$ cat upload.cif   # mmCIF, C-alpha atoms
data_entry
#
loop_
_atom_site.label_atom_id
_atom_site.label_comp_id
_atom_site.auth_asym_id
_atom_site.auth_seq_id
_atom_site.Cartn_x
_atom_site.Cartn_y
_atom_site.Cartn_z
CA MET A 447 -40.24 11.41 12.04
CA ARG A 448 -39.30 14.96 13.02
CA VAL A 449 -39.47 14.03 16.72
CA ALA A 450 -37.20 11.04 16.18
CA ARG A 451 -34.78 13.13 14.14
CA LEU A 452 -34.70 15.82 16.84
CA SER A 453 -34.18 13.21 19.55
CA SER A 454 -31.20 11.71 17.72
CA ALA A 455 -29.68 15.17 17.36
CA LEU A 456 -29.99 16.11 21.05
CA PRO A 457 -26.52 14.81 22.04
CA LEU A 458 -25.04 16.93 19.26
CA LEU A 459 -26.93 20.04 20.38
CA VAL A 460 -25.77 19.58 23.97
CA LEU A 461 -22.14 19.19 22.91
CA VAL A 462 -22.32 22.22 20.62
CA ALA A 463 -23.85 24.35 23.40
CA PHE A 464 -21.17 23.29 25.89
CA ALA A 465 -18.39 23.91 23.36
CA LEU A 466 -19.75 27.40 22.68
CA PHE A 467 -19.83 28.07 26.43
CA LEU A 468 -16.18 27.06 26.78
CA LEU A 469 -15.21 29.15 23.79
CA LEU A 470 -17.04 32.14 25.32
CA LEU A 471 -15.01 31.74 28.50
CA LEU A 472 -11.80 31.60 26.51
CA SER A 473 -12.70 34.61 24.38
CA ASP A 474 -13.66 36.64 27.46
CA ASP A 475 -10.37 35.75 29.07
CA SER A 476 -8.45 36.78 25.92
CA ALA A 477 -10.34 40.07 25.76
CA GLY A 478 -9.06 40.90 29.23
CA GLY A 479 -5.58 41.44 27.85
CA GLY A 480 -4.01 38.61 29.82
CA GLY A 481 -5.63 39.55 33.12
CA GLY A 482 -8.64 37.23 32.78
CA PHE A 483 -9.98 35.02 35.51
CA ILE A 484 -8.87 31.69 33.95
CA PRO A 485 -5.35 30.56 34.94
CA GLN A 486 -3.03 29.60 32.09
CA ASP A 487 -2.98 25.87 32.87
CA GLU A 488 -6.78 25.71 33.14
CA ARG A 489 -7.07 27.67 29.90
CA ARG A 490 -4.94 25.09 28.09
CA GLU A 491 -7.14 22.33 29.52
CA LEU A 492 -10.29 24.12 28.31
CA GLU A 493 -8.78 24.50 24.83
CA ARG A 494 -8.00 20.78 24.78
CA ARG A 495 -11.57 19.95 25.80
CA VAL A 496 -13.00 22.21 23.11
CA GLN A 497 -10.90 20.36 20.52
CA LEU A 498 -12.14 17.00 21.82
CA LEU A 499 -15.75 18.25 21.76
CA GLU A 500 -15.35 19.48 18.19
CA ARG A 501 -14.01 16.05 17.21
CA ARG A 502 -16.94 14.36 18.98
CA VAL A 503 -19.39 16.64 17.17
CA GLN A 504 -17.93 15.50 13.87
CA ASP A 505 -18.25 11.85 14.97
CA LEU A 506 -21.92 12.39 15.85
CA LYS A 507 -22.58 14.06 12.52
CA ARG A 508 -21.30 10.94 10.77
CA HIS A 509 -23.37 8.57 12.92
CA PRO A 510 -26.20 6.79 11.06
CA LYS A 511 -28.71 7.77 13.79
CA PHE A 512 -28.04 11.42 13.05
CA HIS A 513 -28.25 11.07 9.27
CA HIS A 514 -31.47 9.59 7.93
CA ASN A 515 -29.55 8.58 4.81
CA PRO A 516 -25.84 7.81 5.37
CA PRO A 517 -23.56 9.37 2.74
CA ALA A 518 -22.53 7.25 -0.22
CA MET A 519 -18.98 5.86 -0.51
CA GLU A 520 -16.65 8.51 -1.84
CA ASP A 521 -14.43 7.93 -4.84
CA PRO A 522 -11.31 5.98 -3.76
CA ARG A 523 -8.98 8.35 -5.56
CA GLU A 524 -10.19 11.11 -3.24
CA LEU A 525 -10.10 8.98 -0.12
CA LEU A 526 -6.53 7.83 -0.64
CA GLY A 527 -5.42 11.40 -1.08
CA GLN A 528 -5.52 14.42 1.04
CA PRO A 529 -6.67 13.83 4.19
CA PRO A 530 -9.73 11.96 2.94
CA PRO A 531 -13.32 13.10 3.29
CA PRO A 532 -15.25 11.18 5.95
CA PRO A 533 -16.21 7.68 4.80
CA PRO A 534 -19.64 6.23 5.60
CA PRO A 535 -19.99 5.25 9.25
CA PHE A 536 -18.29 1.87 9.30
CA PRO A 537 -19.92 -0.05 6.44
CA GLY A 538 -20.98 -3.60 7.15
CA GLN A 539 -18.69 -6.56 6.71
CA PRO A 540 -18.21 -7.59 3.05
CA GLN A 541 -19.28 -11.12 2.18
CA GLY A 542 -16.57 -13.73 2.61
CA GLU A 543 -14.34 -11.75 4.98
CA ASP A 544 -13.09 -13.47 8.11
CA SER A 545 -14.05 -12.82 11.72
CA ASN A 546 -11.41 -10.09 12.06
CA MET A 547 -13.90 -7.81 10.33
CA GLU A 548 -16.50 -8.06 13.11
CA GLN A 549 -15.40 -4.98 14.99
CA SER A 550 -16.93 -2.59 17.46
CA LYS A 551 -18.61 0.39 15.87
CA ALA A 552 -17.32 2.77 18.56
CA SER A 553 -15.57 5.98 17.58
CA VAL A 554 -11.87 5.55 16.84
CA GLY A 555 -11.32 8.60 19.04
CA ASP A 556 -12.14 6.53 22.13
CA SER A 557 -8.44 5.66 22.63
CA GLU A 558 -7.48 9.33 22.94
CA GLY A 559 -5.02 9.79 25.79
CA VAL A 560 -3.70 6.22 26.01
CA ILE A 561 -0.12 6.16 27.32
CA ILE A 562 2.12 4.95 24.46
CA PRO A 563 5.75 4.55 25.56
CA VAL A 564 8.59 4.66 23.06
CA LEU A 565 10.86 1.68 23.59
CA VAL A 566 14.39 2.34 22.32
CA LEU A 567 16.48 -0.83 21.87
CA ALA A 568 20.14 0.00 22.54
CA CYS A 569 23.41 -1.89 22.95
CA ASP A 570 26.85 -0.41 22.38
CA ARG A 571 26.13 2.53 20.07
CA PRO A 572 27.01 5.89 21.66
CA GLY A 573 25.17 7.41 18.71
CA VAL A 574 21.96 6.55 20.53
CA SER A 575 22.15 10.21 21.55
CA ARG A 576 21.02 11.14 18.02
CA THR A 577 17.94 8.98 18.44
CA LEU A 578 17.17 10.36 21.90
CA ASP A 579 17.74 13.97 20.81
CA SER A 580 15.35 13.47 17.92
CA LEU A 581 12.66 11.83 20.05
CA ILE A 582 12.86 14.42 22.82
CA LYS A 583 12.88 17.33 20.39
CA HIS A 584 9.65 16.25 18.70
CA ASN A 585 7.83 14.79 21.71
CA PRO A 586 4.81 17.03 22.39
CA GLU A 587 3.57 15.12 25.46
CA PRO A 588 6.38 13.39 27.42
CA ARG A 589 3.87 12.07 29.95
CA ARG A 590 1.82 10.39 27.24
CA PHE A 591 4.87 9.25 25.25
CA PRO A 592 7.51 8.36 27.86
CA VAL A 593 10.85 7.28 26.39
CA ILE A 594 12.25 4.05 27.81
CA VAL A 595 15.68 2.82 26.71
CA SER A 596 16.33 -0.89 27.10
CA GLN A 597 20.07 -1.56 26.92
CA ASP A 598 21.76 -4.86 26.18
CA CYS A 599 25.52 -5.59 26.04
CA GLY A 600 26.51 -3.85 29.29
CA HIS A 601 28.42 -1.19 27.34
CA GLU A 602 29.30 1.49 29.92
CA PRO A 603 30.07 4.39 27.52
CA THR A 604 26.61 3.97 25.98
CA ALA A 605 25.03 3.64 29.44
CA GLN A 606 26.67 6.91 30.51
CA ILE A 607 25.20 8.71 27.49
CA ILE A 608 21.73 7.38 28.29
CA ARG A 609 22.06 8.54 31.90
CA ASN A 610 22.66 12.07 30.62
CA TYR A 611 18.96 12.26 29.71
CA PRO A 612 17.05 12.80 32.98
CA THR A 613 13.61 12.40 31.36
CA VAL A 614 14.52 9.01 29.88
CA THR A 615 13.93 5.75 31.78
CA HIS A 616 16.92 3.41 31.50
CA ILE A 617 16.39 -0.35 31.94
CA LYS A 618 19.00 -3.05 31.38
CA GLN A 619 18.63 -6.52 29.92
CA PRO A 620 20.09 -8.73 32.68
CA ASP A 621 21.14 -11.82 30.70
CA LEU A 622 24.51 -11.01 29.11
CA SER A 623 25.59 -14.64 28.78
CA ASN A 624 27.08 -16.06 25.61
CA ILE A 625 25.00 -18.02 23.11
CA PRO A 626 26.38 -21.60 22.99
CA GLY A 627 26.63 -23.60 19.79
CA VAL A 628 26.26 -20.61 17.44
CA LYS A 629 28.77 -19.33 14.88
CA LYS A 630 30.48 -16.16 16.00
CA SER A 631 29.18 -14.28 12.95
CA MET A 632 25.59 -15.19 13.93
CA VAL A 633 25.74 -14.53 17.69
CA GLY A 634 24.58 -10.93 17.30
CA TYR A 635 21.27 -11.97 15.75
CA TYR A 636 20.58 -14.31 18.69
CA LYS A 637 21.37 -11.62 21.25
CA ILE A 638 19.15 -9.10 19.48
CA SER A 639 16.23 -11.52 19.51
CA ARG A 640 16.79 -12.31 23.18
CA HIS A 641 16.88 -8.59 23.97
CA TYR A 642 13.68 -7.87 22.03
CA LYS A 643 11.78 -10.59 23.86
CA TRP A 644 12.90 -9.36 27.29
CA ALA A 645 12.20 -5.69 26.52
CA LEU A 646 8.76 -6.33 25.04
CA ASP A 647 7.87 -8.49 28.02
CA GLN A 648 8.89 -5.65 30.35
CA LEU A 649 6.72 -3.10 28.55
CA PHE A 650 3.65 -5.23 27.92
CA ASN A 651 3.55 -7.74 30.79
CA VAL A 652 5.43 -6.02 33.62
CA ARG A 653 4.41 -2.40 32.97
CA ASN A 654 1.08 -3.38 31.36
CA HIS A 655 1.04 -0.90 28.48
CA GLU A 656 -1.69 -1.26 25.86
CA ALA A 657 0.51 -0.19 22.94
CA VAL A 658 4.24 0.41 22.46
CA ILE A 659 6.28 2.18 19.77
CA ILE A 660 9.51 0.29 19.09
CA VAL A 661 12.57 2.21 17.87
CA GLU A 662 16.16 1.05 17.48
CA ASP A 663 19.19 3.11 18.46
CA ASP A 664 20.07 4.18 14.90
CA LEU A 665 16.89 6.03 13.91
CA GLU A 666 15.89 9.68 13.75
CA VAL A 667 12.24 10.71 13.56
CA SER A 668 10.06 13.29 11.82
CA PRO A 669 8.43 16.29 13.52
CA ASP A 670 5.01 14.57 13.29
CA PHE A 671 6.26 11.14 14.46
CA PHE A 672 4.16 11.24 17.62
CA SER A 673 1.08 12.65 15.91
CA TYR A 674 1.33 9.84 13.35
CA PHE A 675 1.31 7.12 15.98
CA SER A 676 -1.30 8.90 18.09
CA GLY A 677 -3.72 9.02 15.18
CA THR A 678 -3.11 5.48 13.95
CA GLN A 679 -3.20 3.90 17.43
CA ARG A 680 -6.96 4.40 17.33
CA LEU A 681 -7.10 2.15 14.27
CA LEU A 682 -5.00 -0.57 15.91
CA ALA A 683 -7.38 -0.54 18.84
CA GLN A 684 -10.39 -1.10 16.60
CA ASP A 685 -9.35 -3.11 13.54
CA LYS A 686 -8.10 -6.59 14.47
CA SER A 687 -7.00 -7.15 10.88
CA LEU A 688 -4.10 -4.79 11.64
CA PHE A 689 -0.83 -6.21 12.96
CA CYS A 690 1.14 -3.00 13.35
CA VAL A 691 1.72 0.59 12.33
CA SER A 692 5.12 1.38 10.83
CA ALA A 693 6.84 4.71 10.19
CA TRP A 694 8.83 3.24 7.29
CA ASN A 695 8.36 3.00 3.52
CA ASP A 696 10.78 0.43 2.06
CA ASN A 697 10.46 2.17 -1.32
CA GLY A 698 10.76 5.64 0.17
CA LYS A 699 13.60 6.98 -1.96
CA ASP A 700 13.33 10.30 -3.77
CA GLY A 701 11.72 9.75 -7.15
CA LEU A 702 9.71 6.76 -5.91
CA ILE A 703 7.41 8.80 -3.68
CA GLU A 704 5.10 11.79 -3.94
CA ALA A 705 7.26 13.98 -1.76
CA ASP A 706 4.55 16.61 -1.37
CA ARG A 707 1.95 14.06 -0.23
CA VAL A 708 3.25 13.54 3.26
CA ASP A 709 -0.32 12.86 4.42
CA LYS A 710 -0.77 9.68 2.35
CA LEU A 711 -1.02 6.40 4.27
CA TYR A 712 -1.48 2.83 3.05
CA ARG A 713 -2.09 -0.70 4.26
CA THR A 714 0.61 -3.28 3.52
CA ASP A 715 0.90 -7.05 3.96
CA PHE A 716 4.65 -6.63 4.57
CA PHE A 717 6.00 -5.97 8.06
CA PRO A 718 8.28 -2.93 7.57
CA GLY A 719 9.76 -2.39 11.06
CA LEU A 720 12.12 0.60 11.52
CA GLY A 721 9.92 2.50 13.95
CA TRP A 722 6.71 0.57 14.55
CA MET A 723 3.87 0.13 17.00
CA MET A 724 1.89 -2.90 18.14
CA THR A 725 -0.66 -3.68 20.83
CA ARG A 726 -0.41 -5.83 23.92
CA ASP A 727 -2.87 -8.35 22.42
CA THR A 728 -0.58 -8.88 19.44
CA ALA A 729 2.52 -9.09 21.66
CA LYS A 730 0.89 -11.80 23.76
CA GLN A 731 0.36 -13.87 20.64
CA LEU A 732 4.08 -13.67 19.83
CA LEU A 733 6.09 -13.58 23.05
CA HIS A 734 5.31 -17.12 24.22
CA LYS A 735 6.84 -18.51 21.00
CA TRP A 736 9.47 -15.83 20.29
CA PRO A 737 12.34 -17.16 18.12
CA PRO A 738 15.97 -17.45 19.28
CA ALA A 739 17.20 -15.40 16.30
CA TYR A 740 16.12 -13.41 13.22
CA TRP A 741 12.99 -12.15 14.95
CA ASP A 742 11.97 -9.78 12.11
CA ASP A 743 12.00 -12.48 9.41
CA TRP A 744 10.08 -14.73 11.82
CA VAL A 745 7.45 -12.05 12.38
CA ARG A 746 6.86 -11.89 8.61
CA GLN A 747 5.92 -15.56 8.41
CA PRO A 748 2.24 -16.38 7.82
CA ALA A 749 1.97 -18.09 11.22
CA GLN A 750 2.67 -14.74 12.90
CA MET A 751 1.09 -12.28 10.48
CA GLN A 752 -2.10 -14.37 10.17
CA ASP A 753 -3.29 -12.41 7.12
CA ARG A 754 -3.01 -9.15 9.05
CA ALA A 755 -1.65 -5.91 7.61
CA CYS A 756 0.38 -2.93 8.78
CA ILE A 757 -0.13 0.75 8.09
CA ARG A 758 2.76 2.56 6.42
CA PRO A 759 3.30 6.10 5.08
CA GLU A 760 4.04 7.39 1.61
CA VAL A 761 6.91 9.40 3.09
CA SER A 762 8.84 7.71 5.90
CA ARG A 763 8.68 9.10 9.43
CA THR A 764 12.07 7.62 10.35
CA SER A 765 15.51 7.47 8.76
CA THR A 766 18.48 5.36 9.76
CA PHE A 767 22.12 6.26 10.28
CA GLY A 768 23.05 2.70 11.31
CA LYS A 769 25.63 1.68 8.73
CA VAL A 770 27.66 -0.09 11.41
CA GLY A 771 25.84 -2.90 13.19
CA VAL A 772 25.19 -6.63 13.38
CA SER A 773 24.12 -6.77 9.73
CA HIS A 774 27.35 -4.98 8.69
CA GLY A 775 25.49 -2.31 6.75
CA GLN A 776 23.41 -4.70 4.62
CA PHE A 777 21.47 -2.56 2.10
CA PHE A 778 22.67 0.67 3.76
CA ASP A 779 24.90 2.10 1.01
CA GLN A 780 22.67 0.87 -1.80
CA HIS A 781 19.32 1.65 -0.27
CA LEU A 782 18.71 2.69 3.33
CA LYS A 783 20.77 5.86 3.36
CA PHE A 784 18.67 7.28 0.51
CA ILE A 785 15.40 7.10 2.47
CA HIS A 786 14.85 10.35 4.34
CA HIS A 787 12.17 11.08 6.91
CA ALA A 788 9.56 13.78 6.35
CA GLN A 789 10.56 17.27 7.49
CA SER A 790 7.09 18.78 7.40
CA SER A 791 4.34 17.99 9.87
CA VAL A 792 0.85 16.53 9.40
CA PRO A 793 -1.62 16.63 12.34
CA PHE A 794 -2.56 12.96 12.01
CA HIS A 795 -4.06 12.89 15.51
CA THR A 796 -6.79 15.29 14.32
CA LEU A 797 -7.55 13.59 10.99
CA ASP A 798 -10.23 11.07 10.13
CA LEU A 799 -8.16 8.00 9.26
CA THR A 800 -11.04 5.53 9.16
CA TYR A 801 -10.48 5.06 5.43
CA LEU A 802 -7.62 2.76 6.53
CA LEU A 803 -9.95 0.35 8.30
CA LYS A 804 -10.12 -2.87 6.31
CA TRP A 805 -13.82 -2.73 5.51
CA ASN A 806 -13.38 0.78 4.08
CA TYR A 807 -9.94 0.41 2.53
CA ASP A 808 -10.19 -2.86 0.60
CA PRO A 809 -13.05 -1.86 -1.72
CA MET A 810 -11.35 1.49 -2.37
CA TRP A 811 -8.00 -0.17 -3.05
CA HIS A 812 -9.43 -2.67 -5.51
CA ARG A 813 -11.34 0.02 -7.42
CA LEU A 814 -8.35 2.34 -7.46
CA VAL A 815 -5.99 -0.29 -8.88
CA ALA A 816 -8.56 -1.53 -11.40
CA ALA A 817 -9.16 2.02 -12.67
CA ALA A 818 -5.51 2.42 -13.75
CA PRO A 819 -4.91 1.59 -17.44
CA VAL A 820 -2.69 -1.42 -18.13
CA LEU A 821 0.63 -0.62 -19.82
CA THR A 822 3.92 -2.41 -20.31
CA LEU A 823 7.06 -0.85 -18.82
CA ASP A 824 8.33 -0.01 -22.33
CA GLU A 825 5.07 1.78 -23.13
CA LEU A 826 5.33 3.79 -19.93
CA LYS A 827 8.95 4.74 -20.61
CA SER A 828 8.16 5.85 -24.15
CA ASN A 829 5.46 8.32 -23.09
CA PRO A 830 5.29 8.90 -19.32
CA GLN A 831 3.34 12.15 -19.72
CA GLU A 832 0.30 10.43 -21.19
CA HIS A 833 -1.03 8.99 -17.90
CA SER A 834 -1.10 10.06 -14.26
CA GLN A 835 -1.38 6.45 -13.09
CA VAL A 836 -0.83 3.07 -14.72
CA ARG A 837 -0.98 -0.63 -13.89
CA ILE A 838 1.92 -2.87 -14.88
CA LEU A 839 1.29 -6.60 -14.59
CA TYR A 840 3.47 -9.46 -13.42
CA SER A 841 2.61 -13.15 -13.42
CA THR A 842 5.45 -14.73 -11.38
CA ASN A 843 7.78 -13.68 -8.60
CA LYS A 844 10.66 -13.86 -11.07
CA GLN A 845 8.92 -11.43 -13.39
CA PHE A 846 8.25 -9.13 -10.45
CA GLU A 847 11.97 -9.14 -9.58
CA THR A 848 12.89 -8.21 -13.15
CA LEU A 849 10.42 -5.33 -13.32
CA ALA A 850 11.33 -4.13 -9.84
CA LYS A 851 15.02 -3.92 -10.75
CA GLN A 852 14.22 -1.95 -13.89
CA MET A 853 12.18 0.55 -11.90
CA ALA A 854 14.68 0.72 -8.99
CA ILE A 855 12.34 -0.49 -6.24
CA MET A 856 13.14 -3.20 -3.72
CA ASN A 857 12.92 -6.54 -5.50
CA ASP A 858 13.26 -9.04 -2.66
CA PHE A 859 10.58 -11.12 -0.92
CA LYS A 860 10.03 -12.24 2.65
CA ASP A 861 7.94 -15.42 2.71
CA GLY A 862 6.74 -14.58 -0.77
CA VAL A 863 5.59 -11.02 0.07
CA PRO A 864 7.24 -8.09 -1.79
CA ARG A 865 8.09 -5.05 0.31
CA THR A 866 5.16 -2.61 0.70
CA ALA A 867 2.76 -4.96 -1.16
CA TYR A 868 -0.94 -5.06 -0.39
CA LYS A 869 -3.06 -7.78 -2.00
CA GLY A 870 -0.07 -8.44 -4.27
CA VAL A 871 0.14 -4.83 -5.49
CA VAL A 872 3.18 -2.60 -4.96
CA THR A 873 2.62 1.09 -5.62
CA PHE A 874 5.23 3.81 -6.16
CA MET A 875 6.12 6.72 -8.44
CA PHE A 876 8.11 6.25 -11.65
CA HIS A 877 9.00 9.22 -13.87
CA GLY A 878 6.27 11.20 -12.14
CA VAL A 879 3.58 8.56 -12.78
CA ARG A 880 1.77 6.58 -10.07
CA VAL A 881 2.49 2.90 -10.82
CA TYR A 882 0.62 -0.13 -9.51
CA LEU A 883 2.80 -3.18 -10.04
CA ALA A 884 0.01 -5.73 -9.83
CA PRO A 885 -0.49 -9.49 -10.23
CA GLU A 886 -1.89 -10.49 -13.60
CA GLN A 887 -4.03 -13.25 -12.14
CA GLN A 888 -7.52 -12.07 -11.21
CA PRO A 889 -9.09 -12.82 -8.90
CA TRP A 890 -5.87 -12.79 -6.91
CA THR A 891 -5.37 -16.02 -4.95
CA GLY A 892 -2.50 -15.04 -2.65
CA TYR A 893 1.27 -14.78 -2.51
CA GLN A 894 3.57 -17.39 -4.07
CA ARG A 895 5.13 -18.42 -0.77
CA THR A 896 7.37 -21.16 -2.19
CA ALA A 897 9.29 -18.65 -4.32
CA SER A 898 10.34 -16.57 -1.33
#

$ encode --input "upload.cif" --output "structure tokens"
Amino acid sequence: MRVARLSSALPLLVLVAFALFLLLLLSDDSAGGGGGFIPQDERRELERRVQLLERRVQDLKRHPKFHHNPPAMEDPRELLGQPPPPPPPFPGQPQGEDSNMEQSKASVGDSEGVIIPVLVLACDRPGVSRTLDSLIKHNPEPRRFPVIVSQDCGHEPTAQIIRNYPTVTHIKQPDLSNIPGVKKSMVGYYKISRHYKWALDQLFNVRNHEAVIIVEDDLEVSPDFFSYFSGTQRLLAQDKSLFCVSAWNDNGKDGLIEADRVDKLYRTDFFPGLGWMMTRDTAKQLLHKWPPAYWDDWVRQPAQMQDRACIRPEVSRTSTFGKVGVSHGQFFDQHLKFIHHAQSSVPFHTLDLTYLLKWNYDPMWHRLVAAAPVLTLDELKSNPQEHSQVRILYSTNKQFETLAKQMAIMNDFKDGVPRTAYKGVVTFMFHGVRVYLAPEQQPWTGYQRTAS
């Protein structure tokens, strides 16, 4: 037994020894007062390799071949908090789950270094400079995260502004023809959908990227925007039950979020958009049947989502300044302008985010929601200090709408799915209390699609 245990630990010992050797080189170089024998660029490369080795050491420590007895599942309230402690090494597939759960057991760090371009969809908004300034300011690795602006409309003043950014690649959607047989007020939605299809095809099929971050020309981003997508891209690469990663929380207003918990991430059945990432495999499933208009509502349909989820943050990583646009500022004055992006930074690319994998997350989510005491909204309002978290029940979509309005969260549905919902549950803060607005029916049988 001891021999087998030592054999399984050998890879770890080798990595630790090599990491210590690199650290010794770096420390010797530092001790030389800047005159060491390691050039600055090689020193940075060594530091990067040490960080990767340290991360690999942690992966090996969590591997079942290293531990004779894998650690027990941590309490979900801890795992959905801080960054979470390491979960057990990829628990087996729960009974009854579909084939999406049968995933590789490789380390989620294997996708480290994948080129992830940022695709900016632009048209005739000179304010795209705000978006580009924000992206360039916070981009830590321009070679890994190249910014590509795809412009529709042929608007020369906007094109000139884009050309002012020498590090930005500027491509132009060639089909500027009119849309026949469509009301003038609706033409914009058709052109947007046409532009999206062309631009996504360019990035995924012409340039052959594995993953793309999609941003529109009216968004600004948080300091950790790129770290967020770098860390979560590993999950997209492994968990086929994920459709996308989004930087947006539809209920991200002040008072509805834990503003100091910028590290919190969730799964959601609702496609949020507004700064999001998907893989080439997912794009291939969509592009051959892309709709002529209203692409975002189409994406939210069951035929496209296919029971997949997105990852979204507690505190948004994007904010919008796009009051003027095709939608004529729909929801902007009442809602969108009150959602601000995080100003602090979380090193998501260094964190263990495997708690968001479906086979880890779902059991935690169900236990977490079930642990919250059931109250009515009136009971919560009368004594909000009594509980740190509560569960408020709804039985119909109509009842959800009523409760949502009273608690000032988004009350609309897209194909029967409330914004930010996961397994029918919408979570947010209300008077300082964590609320789970949850379906009364248990076991839950799915969304009421006909009441969309």

$ closest_residue --input "upload.cif" --among "A:Trp805, A:Phe876, A:Phe716, A:Tyr635" --to "Cys690 (chain A)" --atoms "only C-alpha atoms"
A:Phe716

$ atom_distance --input "upload.cif" --atom1 "CA of Leu578 (chain A)" --atom2 "CA of Pro592 (chain A)"
11.5 Å

$ residues_around --input "upload.cif" --residues "region 617-631 of chain A" --least-positions-apart "5" --cutoff "12 Å" --atoms "only C-alpha atoms" --output "short mmCIF file (atom, residue, chain, number, x, y, z; two decimals) with C-alpha atoms, in the frame of the given file"
data_model
loop_
_atom_site.label_atom_id
_atom_site.label_comp_id
_atom_site.auth_asym_id
_atom_site.auth_seq_id
_atom_site.Cartn_x
_atom_site.Cartn_y
_atom_site.Cartn_z
CA LEU A 565 10.86 1.68 23.59
CA VAL A 566 14.39 2.34 22.32
CA LEU A 567 16.48 -0.83 21.87
CA ALA A 568 20.14 0.00 22.54
CA CYS A 569 23.41 -1.89 22.95
CA VAL A 593 10.85 7.28 26.39
CA ILE A 594 12.25 4.05 27.81
CA VAL A 595 15.68 2.82 26.71
CA SER A 596 16.33 -0.89 27.10
CA GLN A 597 20.07 -1.56 26.92
CA ASP A 598 21.76 -4.86 26.18
CA CYS A 599 25.52 -5.59 26.04
CA GLY A 600 26.51 -3.85 29.29
CA HIS A 601 28.42 -1.19 27.34
CA GLU A 602 29.30 1.49 29.92
CA THR A 604 26.61 3.97 25.98
CA ALA A 605 25.03 3.64 29.44
CA ILE A 608 21.73 7.38 28.29
CA ARG A 609 22.06 8.54 31.90
CA TYR A 636 20.58 -14.31 18.69
CA LYS A 637 21.37 -11.62 21.25
CA ILE A 638 19.15 -9.10 19.48
CA SER A 639 16.23 -11.52 19.51
CA ARG A 640 16.79 -12.31 23.18
CA HIS A 641 16.88 -8.59 23.97
CA TYR A 642 13.68 -7.87 22.03
CA LYS A 643 11.78 -10.59 23.86
CA TRP A 644 12.90 -9.36 27.29
CA ALA A 645 12.20 -5.69 26.52
CA LEU A 646 8.76 -6.33 25.04
CA ASP A 647 7.87 -8.49 28.02
CA GLN A 648 8.89 -5.65 30.35
CA LEU A 649 6.72 -3.10 28.55
CA PRO A 738 15.97 -17.45 19.28
CA ALA A 739 17.20 -15.40 16.30
CA GLY A 771 25.84 -2.90 13.19
CA VAL A 772 25.19 -6.63 13.38
CA SER A 773 24.12 -6.77 9.73
CA HIS A 774 27.35 -4.98 8.69
#

$ residues_around --input "upload.cif" --residues "Arg758 (chain A)" --least-positions-apart "2" --cutoff "6 Å" --atoms "all atoms listed in the file" --output "mmCIF file with C-alpha atoms, in the frame of the given file"
data_model
loop_
_atom_site.group_PDB
_atom_site.id
_atom_site.type_symbol
_atom_site.label_atom_id
_atom_site.label_comp_id
_atom_site.auth_asym_id
_atom_site.auth_seq_id
_atom_site.Cartn_x
_atom_site.Cartn_y
_atom_site.Cartn_z
ATOM 1 C CA SER A 692 5.120 1.380 10.830
ATOM 2 C CA ALA A 693 6.840 4.710 10.190
ATOM 3 C CA LEU A 711 -1.020 6.400 4.270
ATOM 4 C CA TYR A 712 -1.480 2.830 3.050
#

$ closest_residue --input "upload.cif" --among "A:Leu733, A:Cys756, A:Leu681, A:Met751" --to "Leu799 (chain A)" --atoms "only C-alpha atoms"
A:Leu681

$ atom_distance --input "upload.cif" --atom1 "CA of Leu814 (chain A)" --atom2 "CA of Val871 (chain A)"
11.3 Å

$ closest_residue --input "upload.cif" --among "A:Leu688, A:Ala854, A:Ala816, A:Val872" --to "Tyr840 (chain A)" --atoms "all atoms listed in the file"
A:Val872

$ closest_residue --input "upload.cif" --among "A:Gln752, A:Ser673, A:Asn697, A:Asn651" --to "Pro864 (chain A)" --atoms "all atoms listed in the file"
A:Asn697
